[in-house]
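Shown next: model.cif, containing mmCIF, C-alpha atoms and all ligand atoms.
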```cif
data_model
loop_
_atom_site.label_atom_id
_atom_site.label_comp_id
_atom_site.auth_asym_id
_atom_site.auth_seq_id
_atom_site.Cartn_x
_atom_site.Cartn_y
_atom_site.Cartn_z
CA MET A 22 -3.87 145.56 -11.64
CA ALA A 23 -4.34 146.23 -15.36
CA GLN A 24 -1.29 145.70 -17.56
CA SER A 25 0.08 148.26 -19.99
CA SER A 26 0.13 146.90 -23.56
CA GLY A 27 2.04 149.75 -25.21
CA VAL A 28 -1.03 150.63 -27.30
CA ALA A 29 -2.74 153.88 -26.25
CA ALA A 30 -5.80 152.91 -24.21
CA ARG A 31 -9.18 154.39 -25.13
CA PRO A 32 -12.14 154.93 -22.83
CA GLY A 33 -15.24 152.82 -23.36
CA ALA A 34 -18.19 154.32 -25.20
CA GLU A 35 -20.14 155.02 -21.99
CA VAL A 36 -17.21 156.85 -20.40
CA LEU A 37 -16.61 158.89 -23.54
CA ALA A 38 -20.30 159.79 -23.70
CA ALA A 39 -20.21 160.92 -20.05
CA PHE A 40 -17.13 163.02 -20.75
CA GLU A 41 -18.77 164.67 -23.77
CA ALA A 42 -21.98 165.31 -21.84
CA ALA A 43 -20.16 166.96 -18.91
CA THR A 44 -19.84 170.73 -18.58
CA GLY A 45 -16.30 171.86 -19.34
CA PHE A 46 -13.87 173.00 -21.95
CA MET A 47 -11.61 170.05 -22.75
CA PRO A 48 -11.94 168.89 -26.39
CA VAL A 49 -12.28 165.18 -27.18
CA ASP A 50 -8.78 164.72 -28.64
CA GLU A 51 -7.19 166.09 -25.47
CA GLY A 52 -9.52 163.95 -23.38
CA LEU A 53 -8.42 160.84 -25.23
CA ALA A 54 -4.76 161.74 -24.65
CA LEU A 55 -5.44 162.36 -20.96
CA TYR A 56 -7.23 159.03 -20.65
CA ALA A 57 -4.37 157.19 -22.37
CA ALA A 58 -1.84 158.78 -20.00
CA ALA A 59 -4.00 158.01 -16.98
CA ALA A 60 -4.49 154.39 -18.01
CA ASP A 61 -0.75 153.99 -18.62
CA ALA A 62 0.24 155.58 -15.30
CA ALA A 63 -2.36 153.62 -13.34
CA ALA A 64 -1.40 150.32 -14.95
CA ARG A 65 2.34 150.83 -14.40
CA THR A 66 2.26 152.31 -10.90
CA GLY A 67 -1.02 151.09 -9.39
CA LEU A 68 -1.09 154.43 -7.60
CA PRO A 69 -3.89 157.02 -7.34
CA LEU A 70 -4.23 159.58 -10.13
CA LEU A 71 -4.29 163.20 -9.00
CA GLU A 72 -6.02 166.11 -10.74
CA ILE A 73 -5.80 169.76 -9.78
CA GLY A 74 -8.89 171.52 -11.14
CA THR A 75 -12.06 169.44 -10.91
CA TYR A 76 -14.49 172.10 -12.15
CA CYS A 77 -17.62 170.14 -13.18
CA GLY A 78 -15.90 166.77 -13.53
CA ARG A 79 -15.38 166.56 -17.28
CA SER A 80 -11.75 165.39 -17.08
CA ALA A 81 -12.33 163.66 -13.73
CA VAL A 82 -14.64 161.20 -15.50
CA LEU A 83 -11.68 160.01 -17.58
CA LEU A 84 -9.31 159.75 -14.62
CA ALA A 85 -11.97 157.90 -12.62
CA ALA A 86 -12.51 155.36 -15.39
CA ALA A 87 -8.79 154.77 -15.83
CA ALA A 88 -8.33 154.43 -12.07
CA ARG A 89 -11.26 152.03 -11.77
CA ASP A 90 -9.92 149.82 -14.54
CA ALA A 91 -6.53 149.59 -12.80
CA GLY A 92 -7.96 148.97 -9.34
CA THR A 93 -6.97 152.35 -7.97
CA VAL A 94 -8.73 155.68 -7.41
CA ALA A 95 -8.75 159.21 -8.80
CA LEU A 96 -8.12 162.18 -6.53
CA THR A 97 -9.37 165.57 -7.64
CA VAL A 98 -8.68 168.88 -5.89
CA ASP A 99 -10.72 172.07 -6.25
CA HIS A 100 -12.08 174.77 -3.97
CA HIS A 101 -15.02 174.85 -6.40
CA ARG A 102 -15.17 178.67 -6.41
CA GLY A 103 -13.80 178.94 -9.93
CA SER A 104 -10.59 180.31 -11.40
CA GLU A 105 -10.01 183.98 -12.17
CA GLU A 106 -11.25 183.65 -15.75
CA GLN A 107 -14.47 181.95 -14.56
CA GLN A 108 -15.60 184.83 -12.32
CA PRO A 109 -18.51 187.13 -13.32
CA GLY A 110 -17.55 189.41 -16.19
CA TRP A 111 -14.76 187.13 -17.44
CA GLU A 112 -14.59 185.08 -20.62
CA TYR A 113 -15.29 181.66 -19.10
CA HIS A 114 -18.01 182.63 -16.61
CA ASP A 115 -21.10 180.42 -16.49
CA ALA A 116 -23.88 182.13 -14.53
CA ALA A 117 -25.64 178.79 -14.07
CA LEU A 118 -22.79 177.76 -11.74
CA VAL A 119 -23.33 180.57 -9.22
CA ASP A 120 -24.84 179.59 -5.86
CA PRO A 121 -27.62 182.21 -5.50
CA GLU A 122 -27.61 182.00 -1.72
CA VAL A 123 -23.89 182.55 -1.36
CA GLY A 124 -23.44 184.67 -4.47
CA ARG A 125 -20.29 182.82 -5.52
CA MET A 126 -19.42 180.08 -7.98
CA ASP A 127 -20.02 176.55 -6.71
CA THR A 128 -19.17 173.78 -9.15
CA LEU A 129 -19.33 170.99 -6.55
CA PRO A 130 -23.03 170.07 -7.09
CA THR A 131 -22.54 169.87 -10.86
CA PHE A 132 -19.39 167.79 -10.39
CA ARG A 133 -21.30 165.35 -8.20
CA ARG A 134 -24.07 165.05 -10.79
CA THR A 135 -21.48 164.42 -13.52
CA LEU A 136 -19.89 161.58 -11.57
CA HIS A 137 -23.26 160.11 -10.66
CA ALA A 138 -24.42 160.17 -14.28
CA ALA A 139 -21.18 158.45 -15.31
CA GLY A 140 -21.59 155.76 -12.63
CA LEU A 141 -18.11 156.57 -11.32
CA GLU A 142 -18.76 157.99 -7.86
CA ASP A 143 -17.04 155.07 -6.14
CA HIS A 144 -13.78 155.66 -7.99
CA VAL A 145 -13.10 159.29 -7.07
CA ILE A 146 -12.07 161.04 -3.89
CA ALA A 147 -13.01 164.72 -4.12
CA LEU A 148 -10.72 166.98 -2.16
CA VAL A 149 -12.46 170.32 -1.63
CA GLY A 150 -9.87 172.92 -0.81
CA ARG A 151 -7.01 174.99 -2.09
CA SER A 152 -4.43 172.96 -3.96
CA PRO A 153 -1.33 174.16 -2.05
CA GLN A 154 -3.00 173.50 1.31
CA VAL A 155 -4.02 169.98 0.30
CA ALA A 156 -0.58 169.27 -1.19
CA ALA A 157 1.11 170.44 2.01
CA VAL A 158 -0.66 167.81 4.12
CA TRP A 159 -0.75 165.05 1.50
CA GLY A 160 1.25 161.96 2.46
CA THR A 161 1.20 159.34 -0.29
CA SER A 162 2.66 158.98 -3.76
CA VAL A 163 0.53 159.39 -6.85
CA GLY A 164 0.98 157.87 -10.29
CA LEU A 165 -0.12 160.91 -12.27
CA VAL A 166 -0.32 164.64 -11.60
CA PHE A 167 -2.66 166.52 -13.92
CA ILE A 168 -2.29 170.29 -13.59
CA ASP A 169 -5.46 172.09 -14.70
CA GLY A 170 -6.18 174.46 -11.81
CA GLY A 171 -5.62 178.19 -11.61
CA HIS A 172 -3.88 179.58 -14.67
CA THR A 173 -1.94 182.43 -13.07
CA ASP A 174 1.79 182.00 -12.46
CA GLU A 175 1.14 181.98 -8.73
CA HIS A 176 -1.36 179.12 -8.92
CA ALA A 177 0.23 177.01 -11.66
CA THR A 178 3.64 177.24 -9.97
CA ALA A 179 2.17 176.33 -6.58
CA ASP A 180 0.46 173.32 -8.14
CA TYR A 181 3.72 172.16 -9.69
CA GLU A 182 5.78 172.75 -6.56
CA GLY A 183 3.14 171.27 -4.27
CA TRP A 184 2.33 168.08 -6.15
CA VAL A 185 5.38 167.01 -8.18
CA PRO A 186 7.15 165.94 -4.96
CA HIS A 187 4.29 163.43 -4.51
CA LEU A 188 4.67 162.03 -8.04
CA ALA A 189 6.13 158.52 -8.20
CA GLU A 190 9.48 158.26 -10.00
CA ASP A 191 7.86 156.44 -12.93
CA GLY A 192 4.66 158.49 -12.87
CA LEU A 193 3.39 160.97 -15.44
CA LEU A 194 2.99 164.75 -15.26
CA VAL A 195 0.25 166.19 -17.47
CA VAL A 196 -0.16 169.92 -18.02
CA HIS A 197 -3.20 171.45 -19.70
CA ASP A 198 -3.51 174.74 -21.59
CA VAL A 199 0.12 174.87 -22.68
CA PHE A 200 0.31 177.62 -25.32
CA PRO A 201 3.80 178.41 -26.64
CA ASP A 202 2.30 181.33 -28.62
CA PRO A 203 0.89 184.00 -26.28
CA ALA A 204 -1.71 184.78 -28.96
CA ASP A 205 -3.32 181.41 -28.19
CA GLY A 206 -3.65 181.77 -24.43
CA GLY A 207 -2.08 182.55 -21.06
CA GLN A 208 1.54 181.61 -20.48
CA ALA A 209 1.60 180.29 -16.92
CA PRO A 210 0.99 176.61 -17.81
CA TYR A 211 3.58 176.95 -20.61
CA ARG A 212 6.13 178.23 -18.09
CA VAL A 213 5.37 175.29 -15.79
CA TYR A 214 5.86 172.94 -18.74
CA LEU A 215 9.24 174.57 -19.57
CA ARG A 216 10.27 174.30 -15.94
CA ALA A 217 9.39 170.60 -15.86
CA LEU A 218 11.50 170.00 -18.97
CA ALA A 219 14.38 171.89 -17.34
CA GLU A 220 13.98 169.83 -14.17
CA GLY A 221 14.30 166.38 -15.70
CA PHE A 222 11.01 165.58 -17.40
CA HIS A 223 10.79 164.66 -21.07
CA GLU A 224 7.82 164.90 -23.38
CA VAL A 225 5.77 161.78 -24.03
CA SER A 226 2.98 163.28 -26.10
CA VAL A 227 1.50 166.54 -27.38
CA THR A 228 -2.22 166.80 -28.15
CA GLY A 229 -3.63 170.27 -28.63
CA SER A 230 -2.65 172.15 -25.49
CA LEU A 231 -2.18 168.96 -23.45
CA ARG A 232 1.38 167.87 -22.67
CA VAL A 233 2.23 164.49 -21.16
CA LEU A 234 5.65 164.34 -19.48
CA ARG A 235 7.71 161.67 -17.79
CA ARG A 236 10.90 161.90 -15.78
CA SER A 237 13.95 161.15 -17.87
CA ALA A 238 15.81 158.08 -16.82
CA GLY A 239 19.22 158.64 -15.32
C1 LIG B 301 -9.98 175.02 -16.01
S1 LIG B 301 -10.92 174.51 -14.61
C2 LIG B 301 -10.66 172.77 -14.58
C3 LIG B 301 -11.34 172.06 -15.73
C4 LIG B 301 -11.44 170.55 -15.58
N1 LIG B 301 -10.16 169.91 -15.40
C5 LIG B 301 -12.13 169.98 -16.81
O1 LIG B 301 -11.43 169.46 -17.70
O2 LIG B 301 -13.33 170.09 -16.90
C6 LIG B 301 -9.94 175.07 -13.28
C7 LIG B 301 -10.48 174.75 -11.89
O3 LIG B 301 -9.43 174.96 -10.95
C8 LIG B 301 -9.96 175.44 -9.76
N2 LIG B 301 -8.89 176.13 -9.03
C9 LIG B 301 -8.24 177.26 -9.42
N3 LIG B 301 -7.28 177.56 -8.54
C10 LIG B 301 -7.33 176.61 -7.56
C11 LIG B 301 -6.59 176.37 -6.36
N4 LIG B 301 -5.59 177.18 -6.00
N5 LIG B 301 -6.91 175.31 -5.62
C12 LIG B 301 -7.91 174.48 -5.98
N6 LIG B 301 -8.64 174.65 -7.10
C13 LIG B 301 -8.36 175.69 -7.89
C14 LIG B 301 -11.12 176.31 -10.15
O4 LIG B 301 -12.06 176.41 -9.10
C15 LIG B 301 -11.65 175.59 -11.40
O5 LIG B 301 -12.75 174.78 -11.09
#
```
Give the structure from the file, written as structure tokens.
Amino acid sequence: MAQSSGVAARPGAEVLAAFEAATGFMPVDEGLALYAAAADAAARTGLPLLEIGTYCGRSAVLLAAAARDAGTVALTVDHHRGSEEQQPGWEYHDAALVDPEVGRMDTLPTFRRTLHAAGLEDHVIALVGRSPQVAAVWGTSVGLVFIDGGHTDEHATADYEGWVPHLAEDGLLVVHDVFPDPADGGQAPYRVYLRALAEGFHEVSVTGSLRVLRRSAG
């Protein structure tokens, strides 16, 4: 198992290039913060790293690399039909991701190509399904929970309530798209972040809209 040195870990150049080449929305500074959290959690716990919201694999590349380097694996959950804001007519829709035969979004093929291009297929378990359903049958602890799935209150709350019980005591909770000012974006991830703080987590780092949290000792 890799050891944590106290210095924020950075992904190698190939991993960073794969992240930047992948379809997705996460900026590089947030990606670096996510990777550092993932590397820290994997090194300390040795447990799998769990992501809710695979999309096309941009952030999964970082979790996979951190998991690989610590001798563990990344788990990533998505039904691959897209979130509300990714449906036709909405701000984040990408028509290239629609399956013409089915007439619905399907990000799974692109995700698989992303992982293949990054050489990280062997370090990820893709869980294709709805996050609450997967969480309900999940049976092992994870070292990191990264919430980046549906951004409604219903979905973000279900992700928090479904997966935090699987988070190891010394694991990390990471929440994406936390916008304290409603003018900057939707409030559901922010409310999940506030709830986590109220329920015993403390903030480890803030990078853009990415918040890294850890349970407070005692
Ligand atoms: C913002 S994208 C994830 C972006 C990705 N983490 C990245 O950095 O590239 C959100 C994803 O969550 C998925 N999603 C939304 N609600 C979900 C749910 N209830 N269960 C599983 N996946 C869900 C959508 O299909 C979409 O692919």
Nearby polymer residues, ligand LIG 301 (chain B), at most 9 Å, all atoms listed in the file, as a JSON list (two decimals) with C-alpha atoms, keeping the file's coordinate frame:
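Writing done, so here's selection.json:
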```json
[["chain", "number", "residue", "atom", "x", "y", "z"],
["A", 40, "PHE", "CA", -17.13, 163.02, -20.75],
["A", 43, "ALA", "CA", -20.16, 166.96, -18.91],
["A", 44, "THR", "CA", -19.84, 170.73, -18.58],
["A", 45, "GLY", "CA", -16.30, 171.86, -19.34],
["A", 46, "PHE", "CA", -13.87, 173.00, -21.95],
["A", 47, "MET", "CA", -11.61, 170.05, -22.75],
["A", 48, "PRO", "CA", -11.94, 168.89, -26.39],
["A", 52, "GLY", "CA", -9.52, 163.95, -23.38],
["A", 72, "GLU", "CA", -6.02, 166.11, -10.74],
["A", 73, "ILE", "CA", -5.80, 169.76, -9.78],
["A", 74, "GLY", "CA", -8.89, 171.52, -11.14],
["A", 75, "THR", "CA", -12.06, 169.44, -10.91],
["A", 76, "TYR", "CA", -14.49, 172.10, -12.15],
["A", 77, "CYS", "CA", -17.62, 170.14, -13.18],
["A", 78, "GLY", "CA", -15.90, 166.77, -13.53],
["A", 79, "ARG", "CA", -15.38, 166.56, -17.28],
["A", 80, "SER", "CA", -11.75, 165.39, -17.08],
["A", 81, "ALA", "CA", -12.33, 163.66, -13.73],
["A", 97, "THR", "CA", -9.37, 165.57, -7.64],
["A", 98, "VAL", "CA", -8.68, 168.88, -5.89],
["A", 99, "ASP", "CA", -10.72, 172.07, -6.25],
["A", 100, "HIS", "CA", -12.08, 174.77, -3.97],
["A", 101, "HIS", "CA", -15.02, 174.85, -6.40],
["A", 102, "ARG", "CA", -15.17, 178.67, -6.41],
["A", 103, "GLY", "CA", -13.80, 178.94, -9.93],
["A", 104, "SER", "CA", -10.59, 180.31, -11.40],
["A", 105, "GLU", "CA", -10.01, 183.98, -12.17],
["A", 106, "GLU", "CA", -11.25, 183.65, -15.75],
["A", 107, "GLN", "CA", -14.47, 181.95, -14.56],
["A", 126, "MET", "CA", -19.42, 180.08, -7.98],
["A", 127, "ASP", "CA", -20.02, 176.55, -6.71],
["A", 128, "THR", "CA", -19.17, 173.78, -9.15],
["A", 129, "LEU", "CA", -19.33, 170.99, -6.55],
["A", 148, "LEU", "CA", -10.72, 166.98, -2.16],
["A", 149, "VAL", "CA", -12.46, 170.32, -1.63],
["A", 150, "GLY", "CA", -9.87, 172.92, -0.81],
["A", 151, "ARG", "CA", -7.01, 174.99, -2.09],
["A", 152, "SER", "CA", -4.43, 172.96, -3.96],
["A", 153, "PRO", "CA", -1.33, 174.16, -2.05],
["A", 154, "GLN", "CA", -3.00, 173.50, 1.31],
["A", 155, "VAL", "CA", -4.02, 169.98, 0.30],
["A", 167, "PHE", "CA", -2.66, 166.52, -13.92],
["A", 168, "ILE", "CA", -2.29, 170.29, -13.59],
["A", 169, "ASP", "CA", -5.46, 172.09, -14.70],
["A", 170, "GLY", "CA", -6.18, 174.46, -11.81],
["A", 171, "GLY", "CA", -5.62, 178.19, -11.61],
["A", 172, "HIS", "CA", -3.88, 179.58, -14.67],
["A", 173, "THR", "CA", -1.94, 182.43, -13.07],
["A", 175, "GLU", "CA", 1.14, 181.98, -8.73],
["A", 176, "HIS", "CA", -1.36, 179.12, -8.92],
["A", 177, "ALA", "CA", 0.23, 177.01, -11.66],
["A", 179, "ALA", "CA", 2.17, 176.33, -6.58],
["A", 180, "ASP", "CA", 0.46, 173.32, -8.14],
["A", 197, "HIS", "CA", -3.20, 171.45, -19.70],
["A", 198, "ASP", "CA", -3.51, 174.74, -21.59]]
```
*Return the single residue from A:Val119, A:Ala64, A:Ala138, A:Ile146 that is closest to Ala91 (chain A), with distances computed using all atoms listed in the file.*
A:Ala64
*Taking into account only C-alpha atoms, which residue in the set A:Val185, A:Ala117, A:Val199, A:Val28 is nearest to Ala157 (chain A)?*
A:Val185
*Just how far from CA of Ala63 (chain A) is CA of Asp50 (chain A), in Å to one decimal?*
20.0 Å
*Contacts of Glu51 (chain A) at 10 Å (all atoms listed in the file; same-chain gap of 3+ positions) as a list in words*: Met47, Pro48, Ala54, Leu55, Tyr56, Ala57, Ser80, His197, Val227, Thr228, Gly229, Ser230, Leu231 and Arg232 of chain A
*Pick from A:Ala58, A:Ala189, A:Leu68, A:Pro130: nearest to Glu224 (chain A), with only C-alpha atoms counted?*
A:Ala58
*Shortest interatomic distance to Leu218 (chain A) - which of A:Val233, A:Ala204, A:Ala147, A:Glu35, counting all atoms listed in the file*: A:Val233
*Between CA of Arg89 (chain A) and CA of Val213 (chain A), measure the distance and give it in Å to one decimal.*
28.9 Å
*For Val145 (chain A), which residue among A:Trp111, A:Gly67, A:Leu193, A:Gly92 is the nearest when counting all atoms listed in the file?*
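Of the candidates, the smallest distance to Val145 (chain A) is held by A:Gly92.
Here the question is which of A:Leu84, A:Val195, A:Leu53, A:Ala30 gets nearest to Ala139 (chain A) using all atoms listed in the file, and that residue is A:Leu84.
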*Work out how far apart CA of Leu188 (chain A) and CA of Arg216 (chain A) are and give it in Å to one decimal.*
15.6 Å
